[in-house]
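K.L.:
Structure incoming, see below.
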Amino acid sequence: MSLNRREFLQALAIASAGGMGLHSELSYAQSGANSFYDLPKFGNVHLMHFTDCHAQLLPIYFREPNVNIGIGSQAGKTPHLVGEYFLRENGIAPGSRDAHAFTFLDFPSAANHYGRMGGFAHMATLIKKIKASRPGALLLDGGDTWQGSATALWTQGQDMVDAALALGVDVMTAHWEMTLGEQRVLEIVQKDFQNKIAFIAQNISTSDFSDEVFAPYVIREMNGIPIAIIGQAFPYTPVANPRYFTPNWTFGIQEANLQTTIDHARSKGAKVVVLLSHNGMDVDLKLASRVRGLDAILGGHTHDGVPIPVKVKNAGGITLVTNAGSNGKFLGILDFDVRGGKPVDFRYKLLPIFSDLLPADQKISDLVSGIRKPFESRLNEKLAVTDELLYRRGNFNGSFDQLILDGLMIQKNAEIAFSPGFRWGTSLLPGQAITMEGLMDQTAITYPYTTDSLMTGEAIKIVLEDVADNLFNPDPYYQQGGDMVRVGGLRYTIDPNAGMGSRISNMELNGVLIEAGKNYRVAGWAPVSEDARNSPTEPIWDLIARHLKDVKIIKPKKLNEPIIKGVTNNLGIAPLNKA
């Protein structure tokens, strides 16, 4: 038995009409809610995993994509399934609580029905419940934890460091954490985390002598079984983010070094070896096919909620590959039954965290309240009201991205605007106020500078082609795991299956073809060059806040999305009229 929020309230009403006392009413309703999280113990090795929370300490709304295209060998396969295709592949009933958690379908209505998701206080309650039946279970954090909110930016990640310690994180790897800079990362790892949280990354070395910057792995014993957790930080950090944040460190996939690390952990007695990865799902799938000795990859970065692990064959046997969603919406639980020195069976469950069904842990609630208190007035500043669903996630555009693009073009008096294809950023339902906190959820980065420049038509095409190749290169090792740069004003056609340099065509501005040699005024933000840091301009949140105050009410607007060729019947695209 399980109850959704509406059923929960109905249960209270029925109980009250029948003369039940308040205590009985709550007990009856809560027993149904608790059953959703009943997870029978299995095996003797237990790992809990969350990733890409992007500093969201409170419950949020987050709409999953209706466009997540897989190409080549990944077309129509996990994780490139959306909407009803996703439900069918994973055996999830339409209209159910899981259907809302994992898909975009009927999002505003379902969100109102089932309520917000995530929140560290609610996650803490679930973690305690899981640990009660699995003593010694380890909690793994896949990274993108110290970035994504106003308070994380304003405290240089200290809010999330304190929250992770209170939550009981055991092991962590990283990506956006690096945009706080080498010095700040080392300060946290060497002081706050010392002897408390293992910060691991086998693929980060010094650029001068190739020395390890962080421990490549840790071994923990559980029920007498040694378990190795290897860290894999985001391999393209100096490319996707400004190089000046990590000038002395190198990254990369480091496949050969990973194999050496696996072998070393095995030689030290590890009977279970797991990679805590921030590669992105497609990269992890390829990596799993090429290295041996990994029992599982617990992945992140691409924000894919994957309920059923993919079993990947390699020279050493089978590696399970998963990805645990984003924004604190999910907690993955991987149980291994280890016998005779090796796993013989497993169970995996990716549990959605419905904050209405999980009481808030008081200790974490008090911590979060304390973190927010100095910033409350600024966080709650009302900028505008939205009449449409505002969201970000999707390969080509989102309604919040469109709002940012429109603001850039208007405020910068530009013909065209570019906005990064970031996959983080919470969603707002129709009728909600857009507060400064809601805006910062989309824009809180350490390089927020806005730009205004003249670009030739040829240069614009080069930018689009480069980003398209990062997203749609048929070799996952050349994908950086983000989404396509969002474009305002300019219309274009894209063929994801075409070769590098040939995907973009028919670029138009106001119905007129773009000329290669002509200059166009282009606005943007989040430049990665050091020149932008040395000559800082207005941060994006100030520009968009001004725009929102001018507009006051955000009306529904058609997204400026490209015409997509060559993807007929692709299971990673679903029409927006079902959104």
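A note on labels: chains of the structure tokens are A, B, ... as shown, every chain counts residues from 1, and ligands are counted from 1 in their shown order.
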Counting only C-alpha atoms, which residues of region 327-396 of chain A sit at most 9 Å from some atom of region 463-484 of chain A, and what is each one's closest atom pair with its distance in Å to one decimal, listed by chain and rising residue number, as a Markdown table?
P.N.:
```
| residue | atom | partner | partner_atom | distance |
| --- | --- | --- | --- | --- |
| A:Arg393 | CA | A:Asp483 | CA | 8.2 |
| A:Gly394 | CA | A:Asp483 | CA | 6.9 |
| A:Asn395 | CA | A:Asp483 | CA | 4.8 |
| A:Phe396 | CA | A:Met484 | CA | 5.2 |
```
K.L.:
For region 135-149 of chain A, list every protein, DNA or RNA residue within 6 Å, evaluated using only C-alpha atoms, and leave out those in the same chain fewer than 6 positions away; present the list as a ChimeraX atom specification.
P.N.:
/A:46-55,157,160,169-177,440-441,444
K.L.:
Write the residues of the selection above to a file with C-alpha atoms, as a PDB file, in the first residue's frame.
P.N.:
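Result saved to part_23.pdb:
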```pdb
ATOM      1  CA  HIS A  46      25.236  -1.697   1.344  1.00  0.00           C
ATOM      2  CA  LEU A  47      25.907   1.571  -0.456  1.00  0.00           C
ATOM      3  CA  MET A  48      23.722   4.691  -0.531  1.00  0.00           C
ATOM      4  CA  HIS A  49      24.358   7.198  -3.275  1.00  0.00           C
ATOM      5  CA  PHE A  50      23.206  10.702  -4.197  1.00  0.00           C
ATOM      6  CA  THR A  51      24.715  13.068  -6.729  1.00  0.00           C
ATOM      7  CA  ASP A  52      24.312  16.459  -8.413  1.00  0.00           C
ATOM      8  CA  CYS A  53      22.210  17.984  -5.640  1.00  0.00           C
ATOM      9  CA  HIS A  54      23.565  21.385  -6.727  1.00  0.00           C
ATOM     10  CA  ALA A  55      23.356  22.835  -3.233  1.00  0.00           C
ATOM     11  CA  GLY A 157      30.320  26.188  -0.333  1.00  0.00           C
ATOM     12  CA  MET A 160      26.989  22.419   1.838  1.00  0.00           C
ATOM     13  CA  VAL A 169      28.517  11.532   3.968  1.00  0.00           C
ATOM     14  CA  ASP A 170      31.376   9.023   3.998  1.00  0.00           C
ATOM     15  CA  VAL A 171      32.981   9.441   0.553  1.00  0.00           C
ATOM     16  CA  MET A 172      32.826  12.152  -2.132  1.00  0.00           C
ATOM     17  CA  THR A 173      34.153  13.046  -5.580  1.00  0.00           C
ATOM     18  CA  ALA A 174      33.737  16.308  -7.487  1.00  0.00           C
ATOM     19  CA  HIS A 175      33.108  18.599 -10.442  1.00  0.00           C
ATOM     20  CA  TRP A 176      31.608  22.084  -9.882  1.00  0.00           C
ATOM     21  CA  GLU A 177      33.364  22.109  -6.527  1.00  0.00           C
ATOM     22  CA  MET A 440      20.107  32.340  -8.221  1.00  0.00           C
ATOM     23  CA  ASP A 441      19.164  28.668  -8.578  1.00  0.00           C
ATOM     24  CA  ALA A 444      24.817  31.011  -9.070  1.00  0.00           C
TER      25      ALA A 444
END
```
K.L.:
I'd like the contact shell of region 404-414 of chain A - 7 Å cut-off, only C-alpha atoms, skipping same-chain residues fewer than 5 positions apart - returned as a PyMOL selection string.
P.N.:
chain A and resi 419+452+488+521-524+544+547
K.L.:
Give me the residues within 9 Å of Ala526 (chain A) as a list in words, counting only C-alpha atoms and dropping any in the same chain fewer than 4 places off.
P.N.:
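Once the nearby chain positions are removed, what remains is Ser419, Pro420, Ile445, Thr446, Tyr447, Pro448, Tyr449, Thr450, Thr451, Ala532, Pro539 and Ile540 of chain A.
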K.L.:
Run DSSP on the backbone and grab whatever in region 311-441 of chain A lands in helix (DSSP H, G or I); send it over as a VMD selection string.
P.N.:
chain A and resid 362 to 379 399 to 412 436 to 441
K.L.:
Write out as a PyMOL selection string the residues lying within 8 Å of Ala101 (chain A), counting only C-alpha atoms and excluding same-chain residues fewer than 3 positions away.
P.N.:
chain A and resi 97-98+329+352
K.L.:
I need the residue nearest Ile434 (chain A) from this list: A:Ala498, A:Arg503, A:Lys286, A:Ala545. Use only C-alpha atoms for the distance.
P.N.:
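Looking only at the distances to Ile434 (chain A), the closest residue turns out to be A:Ala545.
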K.L.:
Would you return as a PyMOL selection string the members of region 176-419 of chain A that DSSP assigns to strand (DSSP E) on this structure's backbone?
P.N.:
chain A and resi 198-199+205-206+217-222+225-232+249-250+272-277+296-299+310-314+317-323+330-339+342-352+382-386+416-419
K.L.:
Given only C-alpha atoms, how would the per-residue table for region 381-489 of chain A near region 516-520 of chain A read, listing every residue at most 7 Å away with its closest atom pair and distance in Å to one decimal, sorted by chain and number, as CSV?
P.N.:
```
residue,atom,partner,partner_atom,distance
A:Glu415,CA,A:Tyr520,CA,6.8
A:Leu454,CA,A:Tyr520,CA,5.3
A:Met455,CA,A:Asn519,CA,5.2
A:Thr456,CA,A:Asn519,CA,4.3
A:Gly457,CA,A:Ala516,CA,4.1
A:Glu458,CA,A:Ala516,CA,4.4
```
K.L.:
Dump all heavy atoms for the selected residues as an mmCIF file, in the first residue's frame?
P.N.:
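out28.cif was written with the following content:
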```
data_model
loop_
_atom_site.group_PDB
_atom_site.id
_atom_site.type_symbol
_atom_site.label_atom_id
_atom_site.label_comp_id
_atom_site.auth_asym_id
_atom_site.auth_seq_id
_atom_site.Cartn_x
_atom_site.Cartn_y
_atom_site.Cartn_z
ATOM 1 N N GLU A 415 21.003 41.452 -30.859
ATOM 2 C CA GLU A 415 20.192 40.732 -31.840
ATOM 3 C C GLU A 415 20.084 39.246 -31.509
ATOM 4 O O GLU A 415 19.092 38.583 -31.819
ATOM 5 C CB GLU A 415 20.817 40.854 -33.236
ATOM 6 C CG GLU A 415 21.004 42.272 -33.728
ATOM 7 C CD GLU A 415 21.899 42.323 -34.954
ATOM 8 O OE1 GLU A 415 23.138 42.308 -34.783
ATOM 9 O OE2 GLU A 415 21.352 42.355 -36.076
ATOM 10 N N LEU A 454 30.539 41.797 -30.808
ATOM 11 C CA LEU A 454 30.206 41.605 -32.217
ATOM 12 C C LEU A 454 30.833 40.296 -32.681
ATOM 13 O O LEU A 454 32.023 40.043 -32.458
ATOM 14 C CB LEU A 454 30.733 42.772 -33.058
ATOM 15 C CG LEU A 454 30.068 44.126 -32.850
ATOM 16 C CD1 LEU A 454 30.751 45.189 -33.695
ATOM 17 C CD2 LEU A 454 28.577 44.047 -33.217
ATOM 18 N N MET A 455 30.038 39.458 -33.319
ATOM 19 C CA MET A 455 30.512 38.181 -33.838
ATOM 20 C C MET A 455 30.078 38.044 -35.292
ATOM 21 O O MET A 455 28.959 38.423 -35.661
ATOM 22 C CB MET A 455 29.934 37.005 -33.034
ATOM 23 C CG MET A 455 30.392 36.938 -31.595
ATOM 24 S SD MET A 455 29.660 35.521 -30.712
ATOM 25 C CE MET A 455 30.397 34.135 -31.603
ATOM 26 N N THR A 456 30.976 37.514 -36.112
ATOM 27 C CA THR A 456 30.603 37.255 -37.504
ATOM 28 C C THR A 456 29.700 36.026 -37.568
ATOM 29 O O THR A 456 29.672 35.191 -36.659
ATOM 30 C CB THR A 456 31.849 36.986 -38.363
ATOM 31 O OG1 THR A 456 32.487 35.777 -37.902
ATOM 32 C CG2 THR A 456 32.817 38.148 -38.303
ATOM 33 N N GLY A 457 28.974 35.916 -38.655
ATOM 34 C CA GLY A 457 28.149 34.740 -38.870
ATOM 35 C C GLY A 457 28.972 33.468 -38.848
ATOM 36 O O GLY A 457 28.533 32.429 -38.334
ATOM 37 N N GLU A 458 30.183 33.534 -39.394
ATOM 38 C CA GLU A 458 31.067 32.372 -39.392
ATOM 39 C C GLU A 458 31.436 31.974 -37.964
ATOM 40 O O GLU A 458 31.440 30.782 -37.617
ATOM 41 C CB GLU A 458 32.333 32.682 -40.188
ATOM 42 C CG GLU A 458 33.316 31.517 -40.257
ATOM 43 C CD GLU A 458 34.583 31.874 -41.012
ATOM 44 O OE1 GLU A 458 34.873 33.074 -41.165
ATOM 45 O OE2 GLU A 458 35.286 30.939 -41.447
#
```
K.L.:
Excluding region 378-386 of chain A and its own-chain neighbours fewer than 4 positions away, which residues fall within 6 Å of it when counting only C-alpha atoms? Please give them as a ChimeraX atom specification.
P.N.:
/A:430-437,548-549,552-554
K.L.:
Would you save the residues of that selection, restricted to N, CA, C and O atoms, as a PDB file, in the first residue's frame?
P.N.:
```pdb
ATOM      1  N   PRO A 430       3.391  27.411 -12.541  1.00  0.00           N
ATOM      2  CA  PRO A 430       2.580  28.590 -12.870  1.00  0.00           C
ATOM      3  C   PRO A 430       1.948  29.176 -11.612  1.00  0.00           C
ATOM      4  O   PRO A 430       1.422  28.454 -10.762  1.00  0.00           O
ATOM      5  N   GLY A 431       2.058  30.490 -11.479  1.00  0.00           N
ATOM      6  CA  GLY A 431       1.510  31.180 -10.324  1.00  0.00           C
ATOM      7  C   GLY A 431       2.516  31.455  -9.224  1.00  0.00           C
ATOM      8  O   GLY A 431       2.247  32.240  -8.313  1.00  0.00           O
ATOM      9  N   GLN A 432       3.697  30.836  -9.307  1.00  0.00           N
ATOM     10  CA  GLN A 432       4.713  31.067  -8.281  1.00  0.00           C
ATOM     11  C   GLN A 432       5.448  32.383  -8.512  1.00  0.00           C
ATOM     12  O   GLN A 432       5.616  32.823  -9.653  1.00  0.00           O
ATOM     13  N   ALA A 433       5.885  32.963  -7.421  1.00  0.00           N
ATOM     14  CA  ALA A 433       6.733  34.151  -7.506  1.00  0.00           C
ATOM     15  C   ALA A 433       8.155  33.738  -7.887  1.00  0.00           C
ATOM     16  O   ALA A 433       8.643  32.698  -7.459  1.00  0.00           O
ATOM     17  N   ILE A 434       8.800  34.558  -8.708  1.00  0.00           N
ATOM     18  CA  ILE A 434      10.221  34.387  -8.989  1.00  0.00           C
ATOM     19  C   ILE A 434      10.968  35.254  -7.992  1.00  0.00           C
ATOM     20  O   ILE A 434      10.935  36.480  -8.077  1.00  0.00           O
ATOM     21  N   THR A 435      11.599  34.639  -7.037  1.00  0.00           N
ATOM     22  CA  THR A 435      12.367  35.356  -6.030  1.00  0.00           C
ATOM     23  C   THR A 435      13.837  35.411  -6.443  1.00  0.00           C
ATOM     24  O   THR A 435      14.262  34.743  -7.392  1.00  0.00           O
ATOM     25  N   MET A 436      14.606  36.185  -5.692  1.00  0.00           N
ATOM     26  CA  MET A 436      16.041  36.203  -5.958  1.00  0.00           C
ATOM     27  C   MET A 436      16.630  34.812  -5.776  1.00  0.00           C
ATOM     28  O   MET A 436      17.522  34.401  -6.527  1.00  0.00           O
ATOM     29  N   GLU A 437      16.121  34.057  -4.812  1.00  0.00           N
ATOM     30  CA  GLU A 437      16.609  32.689  -4.632  1.00  0.00           C
ATOM     31  C   GLU A 437      16.321  31.835  -5.862  1.00  0.00           C
ATOM     32  O   GLU A 437      17.181  31.080  -6.316  1.00  0.00           O
ATOM     33  N   LEU A 548      13.357  41.128 -14.847  1.00  0.00           N
ATOM     34  CA  LEU A 548      12.146  40.585 -14.239  1.00  0.00           C
ATOM     35  C   LEU A 548      11.316  41.669 -13.577  1.00  0.00           C
ATOM     36  O   LEU A 548      10.069  41.662 -13.667  1.00  0.00           O
ATOM     37  N   LYS A 549      11.966  42.611 -12.926  1.00  0.00           N
ATOM     38  CA  LYS A 549      11.226  43.711 -12.289  1.00  0.00           C
ATOM     39  C   LYS A 549      10.533  44.575 -13.326  1.00  0.00           C
ATOM     40  O   LYS A 549       9.452  45.126 -13.074  1.00  0.00           O
ATOM     41  N   LYS A 552       7.555  42.021 -14.757  1.00  0.00           N
ATOM     42  CA  LYS A 552       6.609  41.772 -13.659  1.00  0.00           C
ATOM     43  C   LYS A 552       5.869  40.441 -13.752  1.00  0.00           C
ATOM     44  O   LYS A 552       5.780  39.703 -12.784  1.00  0.00           O
ATOM     45  N   ILE A 553       5.289  40.128 -14.914  1.00  0.00           N
ATOM     46  CA  ILE A 553       4.555  38.869 -15.082  1.00  0.00           C
ATOM     47  C   ILE A 553       5.108  38.144 -16.306  1.00  0.00           C
ATOM     48  O   ILE A 553       5.146  38.703 -17.405  1.00  0.00           O
ATOM     49  N   ILE A 554       5.544  36.891 -16.111  1.00  0.00           N
ATOM     50  CA  ILE A 554       6.115  36.101 -17.202  1.00  0.00           C
ATOM     51  C   ILE A 554       4.992  35.312 -17.873  1.00  0.00           C
ATOM     52  O   ILE A 554       4.391  34.430 -17.253  1.00  0.00           O
TER      53      ILE A 554
END
```
K.L.:
For Leu509 (chain A), find every residue with an atom within 9 Å (counting only C-alpha atoms), except residues of its own chain fewer than 2 positions away, and show them as a PyMOL selection string.
P.N.:
chain A and resi 415-416+489-492+507+511-514
K.L.:
Would you output that residue set with C-alpha atoms, as a short mmCIF file (atom, residue, chain, number, x, y, z; two decimals), in the first residue's frame?
P.N.:
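Result written to selection08.cif:
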```
data_model
loop_
_atom_site.label_atom_id
_atom_site.label_comp_id
_atom_site.auth_asym_id
_atom_site.auth_seq_id
_atom_site.Cartn_x
_atom_site.Cartn_y
_atom_site.Cartn_z
CA GLU A 415 20.19 40.73 -31.84
CA ILE A 416 21.27 37.30 -30.61
CA GLY A 489 16.95 35.47 -31.69
CA LEU A 490 18.80 33.16 -34.06
CA ARG A 491 16.99 30.19 -35.64
CA TYR A 492 18.88 27.21 -37.02
CA MET A 507 20.96 29.94 -39.56
CA GLY A 511 13.78 35.24 -41.47
CA VAL A 512 17.00 36.31 -43.22
CA LEU A 513 19.93 33.92 -43.62
CA ILE A 514 22.98 34.75 -41.50
#
```
K.L.:
Compare A:Leu81, A:Leu358, A:Leu39, A:Met500 by their minimum atom-to-atom distance to Ile462 (chain A), counting only C-alpha atoms, and give me the closest one.
P.N.:
A:Met500
K.L.:
Looking at A:Ala163, A:Ala75, A:Ala152, A:Leu105, which one is nearest to Lys363 (chain A), with distances taken over only C-alpha atoms?
P.N.:
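The answer is A:Ala163, which sits nearest to Lys363 (chain A).
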